[in-house]
Amino acid sequence: MGYKVFVSYKYKDSGVKHLSDYDKGTARDYVDYLQDNKFSGDDLNKAENDEEDLSSFKDDTVRTKLKAKIWDSSITLVLISPNMVNILKNQNDQWIPWEVSYSLRTSTRTNSRSLPNAVLAVVLPDMNDSYDYFITKWAYQDDDGQERSVRTIHTGNTFEIIAHNMFNQKNPVTKNIQGNTVYFGESSYIATVKWNDFISDVDSYLENSISRRDHISDYKIKVNI
C-alpha cells in the first residue's frame, strides 16, 4: 500500500450497520475492521483509539496530538456516518471539520514541509444497511437509448467543509440531464465511495485520491471551517 492514512470519524455514532465480528455497534467498529484486515503496522492513524480517549484531554493537547498524526499521513479517510454532524453544536466546535481543515493545509515545521493530504469520503451503511442518507441514484436514457445511472451525493448531510470540497473542480465537465446538472470525471477533490466498494479494492481508491492530490491545482480548495 505504501501510504500513511489518517481516519477521521464520529467515534460513538451508533446509527451504522453492525459488523458481525465487532460488537460496539458504532462507527469505531469500521476503523477496527480496517486496522485488522486492510492495513498493517502503523499505516493507519486513528483520531482516537481504545487506550486513549481524546475527549478527556484539553483541546490544545488534543490538537497537538492530532496535528502530529495528520502530519505523518498523506491520505485522510473521512468516514461518513448518519449522525456525524451534531446539529446542536457549532461546526467550528466539532472535531471532524477541524481534522479535515488541517488535512487540507500546507504545513511547515523546522526544516520540513507537509503538503495537503488527499482526502476520501467513505460512506458507512446505516442501521438498515442503506446508503440512501448520503448517496441515492436515478436513471435516464442516453441518446443511444441506453439506460445510465447517476449518483446524487447529499452534501447537505455532512459538514460544510466537506461539502465545499466536493464538486469543486475549477473546470468541470457537466451536462444538463432532465433539469439536473450532472458532473463527469474527477469533479470532486473529496470523492465519495460506499464502504462495501471501498473495502473491495482499497488500494485503487487510495491511489485515485493521491492522483487527485497530485492535481490539486485543478480544484477550488476550501481550507477554513
# chains A, B, ... in the order shown; residues from 1 in each chain; ligands from 1
$ residues_around --residues "Tyr131 in chain A" --least-positions-apart "5" --cutoff "12 Å" --atoms "only C-alpha atoms" --output "JSON, numbers by chain"
{"A": [15, 16, 17, 80, 81, 82, 122, 123, 124, 125, 126, 136, 137, 151, 152, 153, 154, 157, 192, 193, 194, 195, 196, 197]}
$ write_last_selection --atoms "C-alpha atoms" --output "mmCIF file, in the first residue's frame"
data_model
loop_
_atom_site.group_PDB
_atom_site.id
_atom_site.type_symbol
_atom_site.label_atom_id
_atom_site.label_comp_id
_atom_site.auth_asym_id
_atom_site.auth_seq_id
_atom_site.Cartn_x
_atom_site.Cartn_y
_atom_site.Cartn_z
ATOM 1 C CA GLY A 15 -26.536 4.843 13.632
ATOM 2 C CA VAL A 16 -24.491 2.455 11.493
ATOM 3 C CA LYS A 17 -24.936 -1.177 10.498
ATOM 4 C CA ILE A 80 -19.374 9.476 6.665
ATOM 5 C CA SER A 81 -21.986 8.217 9.133
ATOM 6 C CA PRO A 82 -25.649 9.129 9.687
ATOM 7 C CA VAL A 122 -16.088 6.586 2.757
ATOM 8 C CA VAL A 123 -19.819 6.310 3.398
ATOM 9 C CA LEU A 124 -20.855 3.785 6.061
ATOM 10 C CA PRO A 125 -24.172 1.898 5.768
ATOM 11 C CA ASP A 126 -26.884 2.906 8.204
ATOM 12 C CA THR A 136 -29.026 7.920 -3.991
ATOM 13 C CA LYS A 137 -29.331 7.024 -7.665
ATOM 14 C CA ARG A 151 -25.424 9.210 -8.289
ATOM 15 C CA THR A 152 -26.749 12.065 -6.181
ATOM 16 C CA ILE A 153 -24.478 12.971 -3.263
ATOM 17 C CA HIS A 154 -26.459 14.583 -0.431
ATOM 18 C CA ASN A 157 -25.931 15.806 5.332
ATOM 19 C CA THR A 192 -17.229 9.647 -2.278
ATOM 20 C CA VAL A 193 -17.307 5.849 -2.142
ATOM 21 C CA LYS A 194 -19.574 3.356 -0.387
ATOM 22 C CA TRP A 195 -17.973 1.252 2.335
ATOM 23 C CA ASN A 196 -18.582 -2.052 0.522
ATOM 24 C CA ASP A 197 -16.959 -0.760 -2.648
#
$ residues_around --residues "Tyr3 in chain A" --least-positions-apart "5" --cutoff "12 Å" --atoms "only C-alpha atoms" --output "JSON, numbers by chain"
{"A": [39, 40, 41, 42, 43, 44, 45, 72, 73, 74, 75, 76, 77, 117, 118, 202, 203, 205, 206, 207, 209, 210]}
$ closest_residue --among "A:Ser103, A:Thr158, A:Asn37, A:Asn83" --to "Lys67 in chain A" --atoms "only C-alpha atoms"
A:Ser103
$ residues_around --residues "Phe184 in chain A" --least-positions-apart "6" --cutoff "10 Å" --atoms "only C-alpha atoms" --output "MDAnalysis selection string"
chainID A and resid 150 167 172:175
$ select_by_dssp --residues "range 108-193 of chain A" --states "helix (DSSP H, G or I)" --output "list in words"
Thr155, Gly156, Asn157, Glu160, Ile161, Ile162, Ala163 and His164 of chain A
$ write_last_selection --atoms "N, CA and C atoms" --output "PDB file, in the first residue's frame"
ATOM      1  N   THR A 155     -24.816  16.310  -0.090  1.00  0.00           N
ATOM      2  CA  THR A 155     -23.771  17.028   0.638  1.00  0.00           C
ATOM      3  C   THR A 155     -24.300  17.805   1.833  1.00  0.00           C
ATOM      4  N   GLY A 156     -25.601  18.078   1.853  1.00  0.00           N
ATOM      5  CA  GLY A 156     -26.179  18.792   2.980  1.00  0.00           C
ATOM      6  C   GLY A 156     -26.203  17.974   4.258  1.00  0.00           C
ATOM      7  N   ASN A 157     -25.909  16.675   4.156  1.00  0.00           N
ATOM      8  CA  ASN A 157     -25.931  15.806   5.332  1.00  0.00           C
ATOM      9  C   ASN A 157     -24.539  15.581   5.919  1.00  0.00           C
ATOM     10  N   GLU A 160     -19.897  21.359   6.404  1.00  0.00           N
ATOM     11  CA  GLU A 160     -19.758  22.295   5.293  1.00  0.00           C
ATOM     12  C   GLU A 160     -18.396  22.204   4.619  1.00  0.00           C
ATOM     13  N   ILE A 161     -17.331  22.018   5.395  1.00  0.00           N
ATOM     14  CA  ILE A 161     -16.004  21.984   4.777  1.00  0.00           C
ATOM     15  C   ILE A 161     -15.846  20.768   3.875  1.00  0.00           C
ATOM     16  N   ILE A 162     -16.532  19.684   4.209  1.00  0.00           N
ATOM     17  CA  ILE A 162     -16.510  18.506   3.335  1.00  0.00           C
ATOM     18  C   ILE A 162     -17.331  18.786   2.085  1.00  0.00           C
ATOM     19  N   ALA A 163     -18.537  19.327   2.271  1.00  0.00           N
ATOM     20  CA  ALA A 163     -19.408  19.624   1.135  1.00  0.00           C
ATOM     21  C   ALA A 163     -18.764  20.602   0.158  1.00  0.00           C
ATOM     22  N   HIS A 164     -18.070  21.629   0.681  1.00  0.00           N
ATOM     23  CA  HIS A 164     -17.459  22.643  -0.181  1.00  0.00           C
ATOM     24  C   HIS A 164     -16.300  22.081  -0.999  1.00  0.00           C
TER      25      HIS A 164
END
$ atom_distance --atom1 "CA of Leu34 in chain A" --atom2 "CA of Ile199 in chain A"
8.2 Å
$ closest_residue --among "A:Gly25, A:Phe159, A:Ile216, A:Thr181" --to "Gln91 in chain A" --atoms "only C-alpha atoms"
A:Phe159
$ closest_residue --among "A:Lys46, A:Lys89, A:Met84, A:Met166" --to "Ala68 in chain A" --atoms "only C-alpha atoms"
A:Lys46
$ select_by_dssp --residues "range 176-209 of chain A" --states "strand (DSSP E)" --output "list of chain:residue names"
A:Asn176, A:Ile177, A:Asn180, A:Thr181, A:Val182, A:Tyr183, A:Phe184, A:Ala191, A:Thr192, A:Val193, A:Lys194
$ closest_residue --among "A:Tyr140, A:Tyr189, A:Phe6, A:Phe134" --to "Gln35 in chain A" --atoms "only C-alpha atoms"
A:Phe6
